[in-house]
Amino acid sequence: MAIHDAASQRLFVADDLRAGQDLLLSDDQAHYLVHVLRLKPSAAVLVFNGRDGEWRATLAEVKKRSATLVVDCQVRPQVAGPDIAYLFAPLKRSRLDYMVQKATELGVATLEPVLTRRTIAERVNLDRMRANAIEAAEQCGVLRVPDVRAVMTLEQRLSAWDAGRSLIVCDESAKTRDPISALRQVPRGPLAVLVGPEGGFSPEEFERLAGSPDVHRISLGPRIMRADTAAVAALALVNATLGDWT
């Protein structure tokens, strides 16, 4: 769905949204609107919470360190995005930021860091991930912010697998070289996409994945990609064949 008003500032808020509601902004949000953008009272702002659609609000009260919005009317209803979980081996800071932003723009429902045997960056700042996801959603016009899940090992995640959710594993050794053909064999329904670490999955992890009935391997072409690039490529392919681009 097209953005209703691409020129207006968008803010993610945690509050429920309804007409006439007052929203007290966080210190950072107030500072950004008043001191960075220099908005004045009566300026229009778009707000969303990932549940109630997008609403137009008006900057009503401005103080030195705080600001209040009054919610006016809904401009876009909430729409359900594709049920795609994105599983990934954690990356180093700047590349993880990029990956979270792009996965959010591509409409994933959850972001799930999983530790593999060859994972390089094992410490994950979940609060930073959430902040990056919110910022990406604000900037690109999506109405849903993905849920950031706690870190698990790959084995733990596979052992607690959701019944009926297909797992698409990016694997350069996949037998079918054409990813579109491979994805057309995946049943429609809840999905997960898994991109491994830079060094690839270990033989034991490949064996574990091969033993899972819901696993489908896809190739991402003849070139080896960095993990953050692979995220964009894989999610674009999945959206185009099984997601909400069709």
# chains A, B, ... in the order shown; residues from 1 in each chain; ligands from 1
call {"tool": "residues_around", "arguments": {"residues": "Val195 of chain A", "least_positions_apart": "4", "cutoff": "7 Å", "atoms": "only C-alpha atoms", "output": "list in words"}}
result
Leu87, Phe88, Ala89, Val169, Cys170, Ala227 and Ala231 of chain A
call {"tool": "select_by_dssp", "arguments": {"residues": "segment 129-224 of chain A", "states": "alpha helix (DSSP H)", "output": "PDB file with C-alpha atoms, in the first residue's frame"}}
result
ATOM      1  CA  MET A 129      18.083  -3.991  17.119  1.00  0.00           C
ATOM      2  CA  ARG A 130      14.636  -2.795  18.199  1.00  0.00           C
ATOM      3  CA  ALA A 131      15.666   0.852  17.820  1.00  0.00           C
ATOM      4  CA  ASN A 132      16.976   0.199  14.313  1.00  0.00           C
ATOM      5  CA  ALA A 133      13.795  -1.635  13.345  1.00  0.00           C
ATOM      6  CA  ILE A 134      11.638   1.251  14.600  1.00  0.00           C
ATOM      7  CA  GLU A 135      13.741   3.836  12.780  1.00  0.00           C
ATOM      8  CA  ALA A 136      13.514   1.866   9.529  1.00  0.00           C
ATOM      9  CA  ALA A 137       9.737   1.501   9.868  1.00  0.00           C
ATOM     10  CA  GLU A 138       9.361   5.243  10.519  1.00  0.00           C
ATOM     11  CA  GLN A 139      11.440   6.170   7.491  1.00  0.00           C
ATOM     12  CA  CYS A 140      10.084   3.736   4.894  1.00  0.00           C
ATOM     13  CA  LEU A 154      20.315 -22.917  16.139  1.00  0.00           C
ATOM     14  CA  GLU A 155      19.684 -26.249  17.844  1.00  0.00           C
ATOM     15  CA  GLN A 156      17.375 -24.654  20.414  1.00  0.00           C
ATOM     16  CA  ARG A 157      15.377 -22.893  17.693  1.00  0.00           C
ATOM     17  CA  LEU A 158      15.015 -26.032  15.593  1.00  0.00           C
ATOM     18  CA  SER A 159      13.980 -28.056  18.626  1.00  0.00           C
ATOM     19  CA  PRO A 179      15.873 -20.156  -6.464  1.00  0.00           C
ATOM     20  CA  ILE A 180      12.515 -19.254  -8.005  1.00  0.00           C
ATOM     21  CA  SER A 181      11.912 -22.867  -9.034  1.00  0.00           C
ATOM     22  CA  ALA A 182      12.925 -24.069  -5.582  1.00  0.00           C
ATOM     23  CA  LEU A 183      10.644 -21.589  -3.817  1.00  0.00           C
ATOM     24  CA  PRO A 203      28.575 -30.297   8.597  1.00  0.00           C
ATOM     25  CA  GLU A 204      26.730 -31.168  11.805  1.00  0.00           C
ATOM     26  CA  GLU A 205      24.357 -28.224  11.324  1.00  0.00           C
ATOM     27  CA  PHE A 206      23.722 -29.197   7.704  1.00  0.00           C
ATOM     28  CA  GLU A 207      22.917 -32.707   8.898  1.00  0.00           C
ATOM     29  CA  ARG A 208      20.545 -31.351  11.545  1.00  0.00           C
ATOM     30  CA  LEU A 209      18.802 -29.144   8.994  1.00  0.00           C
ATOM     31  CA  ALA A 210      18.530 -32.002   6.520  1.00  0.00           C
TER      32      ALA A 210
END
call {"tool": "select_by_dssp", "arguments": {"residues": "segment 112-208 of chain A", "states": "strand (DSSP E)", "output": "PDB file with N, CA and C atoms, in the first residue's frame"}}
result
ATOM      1  N   GLU A 112      15.070 -12.970  14.458  1.00  0.00           N
ATOM      2  CA  GLU A 112      15.469 -14.000  15.416  1.00  0.00           C
ATOM      3  C   GLU A 112      16.949 -14.343  15.267  1.00  0.00           C
ATOM      4  N   PRO A 113      17.814 -13.758  16.096  1.00  0.00           N
ATOM      5  CA  PRO A 113      19.235 -14.115  16.048  1.00  0.00           C
ATOM      6  C   PRO A 113      19.457 -15.530  16.576  1.00  0.00           C
ATOM      7  N   VAL A 114      20.210 -16.329  15.828  1.00  0.00           N
ATOM      8  CA  VAL A 114      20.525 -17.696  16.246  1.00  0.00           C
ATOM      9  C   VAL A 114      22.037 -17.898  16.188  1.00  0.00           C
ATOM     10  N   LEU A 115      22.577 -18.505  17.218  1.00  0.00           N
ATOM     11  CA  LEU A 115      24.012 -18.762  17.283  1.00  0.00           C
ATOM     12  C   LEU A 115      24.326 -20.084  16.613  1.00  0.00           C
ATOM     13  N   ASP A 147       8.926  -8.086  15.552  1.00  0.00           N
ATOM     14  CA  ASP A 147       9.207  -8.483  16.929  1.00  0.00           C
ATOM     15  C   ASP A 147      10.644  -8.998  16.996  1.00  0.00           C
ATOM     16  N   VAL A 148      11.440  -8.451  17.895  1.00  0.00           N
ATOM     17  CA  VAL A 148      12.833  -8.882  18.059  1.00  0.00           C
ATOM     18  C   VAL A 148      12.873  -9.955  19.138  1.00  0.00           C
ATOM     19  N   MET A 152      18.947 -17.373  20.539  1.00  0.00           N
ATOM     20  CA  MET A 152      18.916 -18.810  20.804  1.00  0.00           C
ATOM     21  C   MET A 152      20.003 -19.473  19.980  1.00  0.00           C
ATOM     22  N   THR A 153      20.420 -20.659  20.366  1.00  0.00           N
ATOM     23  CA  THR A 153      21.281 -21.434  19.482  1.00  0.00           C
ATOM     24  C   THR A 153      20.411 -21.988  18.361  1.00  0.00           C
ATOM     25  N   SER A 166       7.302 -23.460   7.214  1.00  0.00           N
ATOM     26  CA  SER A 166       8.380 -23.900   6.333  1.00  0.00           C
ATOM     27  C   SER A 166       9.641 -23.087   6.609  1.00  0.00           C
ATOM     28  N   LEU A 167      10.797 -23.756   6.580  1.00  0.00           N
ATOM     29  CA  LEU A 167      12.084 -23.098   6.806  1.00  0.00           C
ATOM     30  C   LEU A 167      12.872 -23.094   5.509  1.00  0.00           C
ATOM     31  N   ILE A 168      13.143 -21.907   4.993  1.00  0.00           N
ATOM     32  CA  ILE A 168      13.912 -21.739   3.763  1.00  0.00           C
ATOM     33  C   ILE A 168      15.341 -21.412   4.152  1.00  0.00           C
ATOM     34  N   VAL A 169      16.257 -22.306   3.794  1.00  0.00           N
ATOM     35  CA  VAL A 169      17.661 -22.169   4.176  1.00  0.00           C
ATOM     36  C   VAL A 169      18.467 -21.747   2.953  1.00  0.00           C
ATOM     37  N   CYS A 170      19.213 -20.677   3.079  1.00  0.00           N
ATOM     38  CA  CYS A 170      20.071 -20.221   1.984  1.00  0.00           C
ATOM     39  C   CYS A 170      21.345 -21.059   1.991  1.00  0.00           C
ATOM     40  N   LEU A 191       6.223 -18.850   7.088  1.00  0.00           N
ATOM     41  CA  LEU A 191       7.561 -19.109   6.558  1.00  0.00           C
ATOM     42  C   LEU A 191       8.628 -18.617   7.526  1.00  0.00           C
ATOM     43  N   ALA A 192       9.821 -19.174   7.372  1.00  0.00           N
ATOM     44  CA  ALA A 192      11.015 -18.637   8.011  1.00  0.00           C
ATOM     45  C   ALA A 192      12.147 -18.696   6.999  1.00  0.00           C
ATOM     46  N   VAL A 193      13.011 -17.715   7.051  1.00  0.00           N
ATOM     47  CA  VAL A 193      14.194 -17.667   6.186  1.00  0.00           C
ATOM     48  C   VAL A 193      15.416 -17.671   7.092  1.00  0.00           C
ATOM     49  N   LEU A 194      16.359 -18.552   6.790  1.00  0.00           N
ATOM     50  CA  LEU A 194      17.571 -18.684   7.601  1.00  0.00           C
ATOM     51  C   LEU A 194      18.800 -18.400   6.750  1.00  0.00           C
ATOM     52  N   VAL A 195      19.594 -17.423   7.205  1.00  0.00           N
ATOM     53  CA  VAL A 195      20.892 -17.129   6.591  1.00  0.00           C
ATOM     54  C   VAL A 195      21.960 -17.393   7.638  1.00  0.00           C
TER      55      VAL A 195
END
call {"tool": "closest_atom_pairs", "arguments": {"of": "segment 123-201 of chain A", "to": "segment 47-71 of chain A", "cutoff": "8 Å", "atoms": "only C-alpha atoms", "output": "CSV"}}
result
residue,atom,partner,partner_atom,distance
A:Leu143,CA,A:Gly50,CA,5.4
A:Arg144,CA,A:Gly50,CA,4.4
A:Val145,CA,A:Gly50,CA,6.0
call {"tool": "write_last_selection", "arguments": {"atoms": "C-alpha atoms", "output": "PDB file, in the first residue's frame"}}
result
ATOM      1  CA  LEU A 143       3.038  -0.052   9.529  1.00  0.00           C
ATOM      2  CA  ARG A 144       4.542  -3.062  11.277  1.00  0.00           C
ATOM      3  CA  VAL A 145       7.686  -3.214  13.384  1.00  0.00           C
TER       4      VAL A 145
END
call {"tool": "atom_distance", "arguments": {"atom1": "atom CA of Arg223 of chain A", "atom2": "atom CA of Lys92 of chain A"}}
result
21.7 Å
call {"tool": "residues_around", "arguments": {"residues": "Pro222 of chain A", "least_positions_apart": "4", "cutoff": "12 Å", "atoms": "only C-alpha atoms", "output": "VMD selection string"}}
result
chain A and resid 171 to 174 176 to 179 218
call {"tool": "residues_around", "arguments": {"residues": "Gly81 of chain A", "least_positions_apart": "3", "cutoff": "9 Å", "atoms": "only C-alpha atoms", "output": "list in words"}}
result
Ile84, Gly107, Val108, Ala109, Leu143, Arg144, Gly243 and Asp244 of chain A
call {"tool": "closest_residue", "arguments": {"among": "A:Pro197, A:Gly221, A:Pro41, A:Pro90", "to": "Asn125 of chain A", "atoms": "only C-alpha atoms"}}
result
A:Pro90
call {"tool": "closest_residue", "arguments": {"among": "A:Ala160, A:Val79, A:Leu220, A:Val232", "to": "Val100 of chain A", "atoms": "only C-alpha atoms"}}
result
A:Val232
call {"tool": "atom_distance", "arguments": {"atom1": "atom CA of Asp72 of chain A", "atom2": "atom CA of Leu25 of chain A"}}
result
15.7 Å
call {"tool": "closest_residue", "arguments": {"among": "A:Asp97, A:Asp83, A:Asp214, A:Asp162", "to": "Thr110 of chain A", "atoms": "only C-alpha atoms"}}
result
A:Asp83
call {"tool": "decode", "arguments": {"residues": "segment 65-194 of chain A", "atoms": "C-alpha atoms", "output": "PDB file, in the first residue's frame"}}
result
ATOM      1  CA  ARG A  65      11.927  19.308  27.337  1.00  0.00           C
ATOM      2  CA  SER A  66       8.602  17.756  26.325  1.00  0.00           C
ATOM      3  CA  ALA A  67       5.896  17.815  23.676  1.00  0.00           C
ATOM      4  CA  THR A  68       2.363  16.471  23.274  1.00  0.00           C
ATOM      5  CA  LEU A  69       0.506  15.316  20.189  1.00  0.00           C
ATOM      6  CA  VAL A  70      -3.270  15.132  19.804  1.00  0.00           C
ATOM      7  CA  VAL A  71      -4.455  12.266  17.598  1.00  0.00           C
ATOM      8  CA  ASP A  72      -6.847  13.452  14.898  1.00  0.00           C
ATOM      9  CA  CYS A  73      -7.931  10.754  12.438  1.00  0.00           C
ATOM     10  CA  GLN A  74      -6.804   7.474  10.921  1.00  0.00           C
ATOM     11  CA  VAL A  75      -5.239   7.793   7.468  1.00  0.00           C
ATOM     12  CA  ARG A  76      -4.330   4.128   6.853  1.00  0.00           C
ATOM     13  CA  PRO A  77      -5.817   0.986   8.394  1.00  0.00           C
ATOM     14  CA  GLN A  78      -3.537  -1.681   9.822  1.00  0.00           C
ATOM     15  CA  VAL A  79      -2.733  -4.414   7.313  1.00  0.00           C
ATOM     16  CA  ALA A  80      -1.214  -7.795   8.066  1.00  0.00           C
ATOM     17  CA  GLY A  81       2.150  -8.260   6.420  1.00  0.00           C
ATOM     18  CA  PRO A  82       3.629 -11.598   5.359  1.00  0.00           C
ATOM     19  CA  ASP A  83       4.171 -14.177   8.112  1.00  0.00           C
ATOM     20  CA  ILE A  84       7.933 -14.385   7.585  1.00  0.00           C
ATOM     21  CA  ALA A  85      10.360 -14.999  10.431  1.00  0.00           C
ATOM     22  CA  TYR A  86      13.933 -14.001   9.649  1.00  0.00           C
ATOM     23  CA  LEU A  87      16.580 -16.162  11.368  1.00  0.00           C
ATOM     24  CA  PHE A  88      20.206 -15.102  11.110  1.00  0.00           C
ATOM     25  CA  ALA A  89      23.626 -15.627  12.595  1.00  0.00           C
ATOM     26  CA  PRO A  90      24.516 -12.330  14.351  1.00  0.00           C
ATOM     27  CA  LEU A  91      26.827  -9.935  12.535  1.00  0.00           C
ATOM     28  CA  LYS A  92      29.163  -7.199  13.685  1.00  0.00           C
ATOM     29  CA  ARG A  93      27.575  -3.916  14.667  1.00  0.00           C
ATOM     30  CA  SER A  94      27.265  -1.809  11.492  1.00  0.00           C
ATOM     31  CA  ARG A  95      26.363  -4.738   9.281  1.00  0.00           C
ATOM     32  CA  LEU A  96      23.791  -5.972  11.791  1.00  0.00           C
ATOM     33  CA  ASP A  97      22.231  -2.484  11.825  1.00  0.00           C
ATOM     34  CA  TYR A  98      21.972  -2.554   8.030  1.00  0.00           C
ATOM     35  CA  MET A  99      20.477  -6.039   7.976  1.00  0.00           C
ATOM     36  CA  VAL A 100      17.840  -5.180  10.603  1.00  0.00           C
ATOM     37  CA  GLN A 101      16.834  -2.060   8.690  1.00  0.00           C
ATOM     38  CA  LYS A 102      16.493  -3.856   5.353  1.00  0.00           C
ATOM     39  CA  ALA A 103      14.639  -6.834   6.826  1.00  0.00           C
ATOM     40  CA  THR A 104      12.169  -4.398   8.404  1.00  0.00           C
ATOM     41  CA  GLU A 105      11.664  -2.613   5.089  1.00  0.00           C
ATOM     42  CA  LEU A 106      11.064  -5.992   3.439  1.00  0.00           C
ATOM     43  CA  GLY A 107       8.242  -6.729   5.853  1.00  0.00           C
ATOM     44  CA  VAL A 108       9.419  -9.528   8.133  1.00  0.00           C
ATOM     45  CA  ALA A 109       7.278 -10.337  11.159  1.00  0.00           C
ATOM     46  CA  THR A 110      10.104 -11.376  13.506  1.00  0.00           C
ATOM     47  CA  LEU A 111      13.858 -10.975  13.769  1.00  0.00           C
ATOM     48  CA  GLU A 112      15.469 -14.000  15.416  1.00  0.00           C
ATOM     49  CA  PRO A 113      19.235 -14.115  16.048  1.00  0.00           C
ATOM     50  CA  VAL A 114      20.525 -17.696  16.246  1.00  0.00           C
ATOM     51  CA  LEU A 115      24.012 -18.762  17.283  1.00  0.00           C
ATOM     52  CA  THR A 116      25.754 -21.252  15.022  1.00  0.00           C
ATOM     53  CA  ARG A 117      29.099 -22.998  15.395  1.00  0.00           C
ATOM     54  CA  ARG A 118      30.793 -20.471  13.114  1.00  0.00           C
ATOM     55  CA  THR A 119      29.054 -17.337  14.368  1.00  0.00           C
ATOM     56  CA  ILE A 120      31.602 -14.560  14.815  1.00  0.00           C
ATOM     57  CA  ALA A 121      29.597 -11.956  16.750  1.00  0.00           C
ATOM     58  CA  GLU A 122      27.944 -13.791  19.637  1.00  0.00           C
ATOM     59  CA  ARG A 123      26.883 -10.731  21.669  1.00  0.00           C
ATOM     60  CA  VAL A 124      23.714  -9.090  20.392  1.00  0.00           C
ATOM     61  CA  ASN A 125      22.294  -5.799  21.617  1.00  0.00           C
ATOM     62  CA  LEU A 126      18.554  -6.484  21.344  1.00  0.00           C
ATOM     63  CA  ASP A 127      17.614  -2.924  22.357  1.00  0.00           C
ATOM     64  CA  ARG A 128      19.746  -1.566  19.526  1.00  0.00           C
ATOM     65  CA  MET A 129      18.083  -3.991  17.119  1.00  0.00           C
ATOM     66  CA  ARG A 130      14.636  -2.795  18.199  1.00  0.00           C
ATOM     67  CA  ALA A 131      15.666   0.852  17.820  1.00  0.00           C
ATOM     68  CA  ASN A 132      16.976   0.199  14.313  1.00  0.00           C
ATOM     69  CA  ALA A 133      13.795  -1.635  13.345  1.00  0.00           C
ATOM     70  CA  ILE A 134      11.638   1.251  14.600  1.00  0.00           C
ATOM     71  CA  GLU A 135      13.741   3.836  12.780  1.00  0.00           C
ATOM     72  CA  ALA A 136      13.514   1.866   9.529  1.00  0.00           C
ATOM     73  CA  ALA A 137       9.737   1.501   9.868  1.00  0.00           C
ATOM     74  CA  GLU A 138       9.361   5.243  10.519  1.00  0.00           C
ATOM     75  CA  GLN A 139      11.440   6.170   7.491  1.00  0.00           C
ATOM     76  CA  CYS A 140      10.084   3.736   4.894  1.00  0.00           C
ATOM     77  CA  GLY A 141       6.377   3.912   5.647  1.00  0.00           C
ATOM     78  CA  VAL A 142       5.671   0.368   6.824  1.00  0.00           C
ATOM     79  CA  LEU A 143       3.038  -0.052   9.529  1.00  0.00           C
ATOM     80  CA  ARG A 144       4.542  -3.062  11.277  1.00  0.00           C
ATOM     81  CA  VAL A 145       7.686  -3.214  13.384  1.00  0.00           C
ATOM     82  CA  PRO A 146       9.085  -6.749  13.574  1.00  0.00           C
ATOM     83  CA  ASP A 147       9.207  -8.483  16.929  1.00  0.00           C
ATOM     84  CA  VAL A 148      12.833  -8.882  18.059  1.00  0.00           C
ATOM     85  CA  ARG A 149      13.282 -12.291  19.675  1.00  0.00           C
ATOM     86  CA  ALA A 150      15.854 -13.357  22.254  1.00  0.00           C
ATOM     87  CA  VAL A 151      19.051 -15.013  21.074  1.00  0.00           C
ATOM     88  CA  MET A 152      18.916 -18.810  20.804  1.00  0.00           C
ATOM     89  CA  THR A 153      21.281 -21.434  19.482  1.00  0.00           C
ATOM     90  CA  LEU A 154      20.315 -22.917  16.139  1.00  0.00           C
ATOM     91  CA  GLU A 155      19.684 -26.249  17.844  1.00  0.00           C
ATOM     92  CA  GLN A 156      17.375 -24.654  20.414  1.00  0.00           C
ATOM     93  CA  ARG A 157      15.377 -22.893  17.693  1.00  0.00           C
ATOM     94  CA  LEU A 158      15.015 -26.032  15.593  1.00  0.00           C
ATOM     95  CA  SER A 159      13.980 -28.056  18.626  1.00  0.00           C
ATOM     96  CA  ALA A 160      11.198 -25.571  19.335  1.00  0.00           C
ATOM     97  CA  TRP A 161      10.086 -25.291  15.722  1.00  0.00           C
ATOM     98  CA  ASP A 162       6.585 -24.036  14.933  1.00  0.00           C
ATOM     99  CA  ALA A 163       4.464 -26.799  13.425  1.00  0.00           C
ATOM    100  CA  GLY A 164       3.505 -25.969   9.858  1.00  0.00           C
ATOM    101  CA  ARG A 165       6.131 -23.258   9.327  1.00  0.00           C
ATOM    102  CA  SER A 166       8.380 -23.900   6.333  1.00  0.00           C
ATOM    103  CA  LEU A 167      12.084 -23.098   6.806  1.00  0.00           C
ATOM    104  CA  ILE A 168      13.912 -21.739   3.763  1.00  0.00           C
ATOM    105  CA  VAL A 169      17.661 -22.169   4.176  1.00  0.00           C
ATOM    106  CA  CYS A 170      20.071 -20.221   1.984  1.00  0.00           C
ATOM    107  CA  ASP A 171      22.652 -22.767   0.826  1.00  0.00           C
ATOM    108  CA  GLU A 172      25.118 -22.325  -2.042  1.00  0.00           C
ATOM    109  CA  SER A 173      25.264 -26.120  -2.440  1.00  0.00           C
ATOM    110  CA  ALA A 174      21.500 -26.494  -3.005  1.00  0.00           C
ATOM    111  CA  LYS A 175      20.745 -28.991  -5.771  1.00  0.00           C
ATOM    112  CA  THR A 176      18.325 -26.669  -7.584  1.00  0.00           C
ATOM    113  CA  ARG A 177      20.294 -23.680  -8.822  1.00  0.00           C
ATOM    114  CA  ASP A 178      17.235 -21.622  -9.729  1.00  0.00           C
ATOM    115  CA  PRO A 179      15.873 -20.156  -6.464  1.00  0.00           C
ATOM    116  CA  ILE A 180      12.515 -19.254  -8.005  1.00  0.00           C
ATOM    117  CA  SER A 181      11.912 -22.867  -9.034  1.00  0.00           C
ATOM    118  CA  ALA A 182      12.925 -24.069  -5.582  1.00  0.00           C
ATOM    119  CA  LEU A 183      10.644 -21.589  -3.817  1.00  0.00           C
ATOM    120  CA  ARG A 184       7.678 -22.623  -5.938  1.00  0.00           C
ATOM    121  CA  GLN A 185       7.921 -26.032  -4.273  1.00  0.00           C
ATOM    122  CA  VAL A 186       7.430 -24.492  -0.823  1.00  0.00           C
ATOM    123  CA  PRO A 187       3.821 -24.665   0.425  1.00  0.00           C
ATOM    124  CA  ARG A 188       2.147 -21.329   1.090  1.00  0.00           C
ATOM    125  CA  GLY A 189       1.699 -20.480   4.732  1.00  0.00           C
ATOM    126  CA  PRO A 190       3.925 -19.362   7.618  1.00  0.00           C
ATOM    127  CA  LEU A 191       7.561 -19.109   6.558  1.00  0.00           C
ATOM    128  CA  ALA A 192      11.015 -18.637   8.011  1.00  0.00           C
ATOM    129  CA  VAL A 193      14.194 -17.667   6.186  1.00  0.00           C
ATOM    130  CA  LEU A 194      17.571 -18.684   7.601  1.00  0.00           C
TER     131      LEU A 194
END
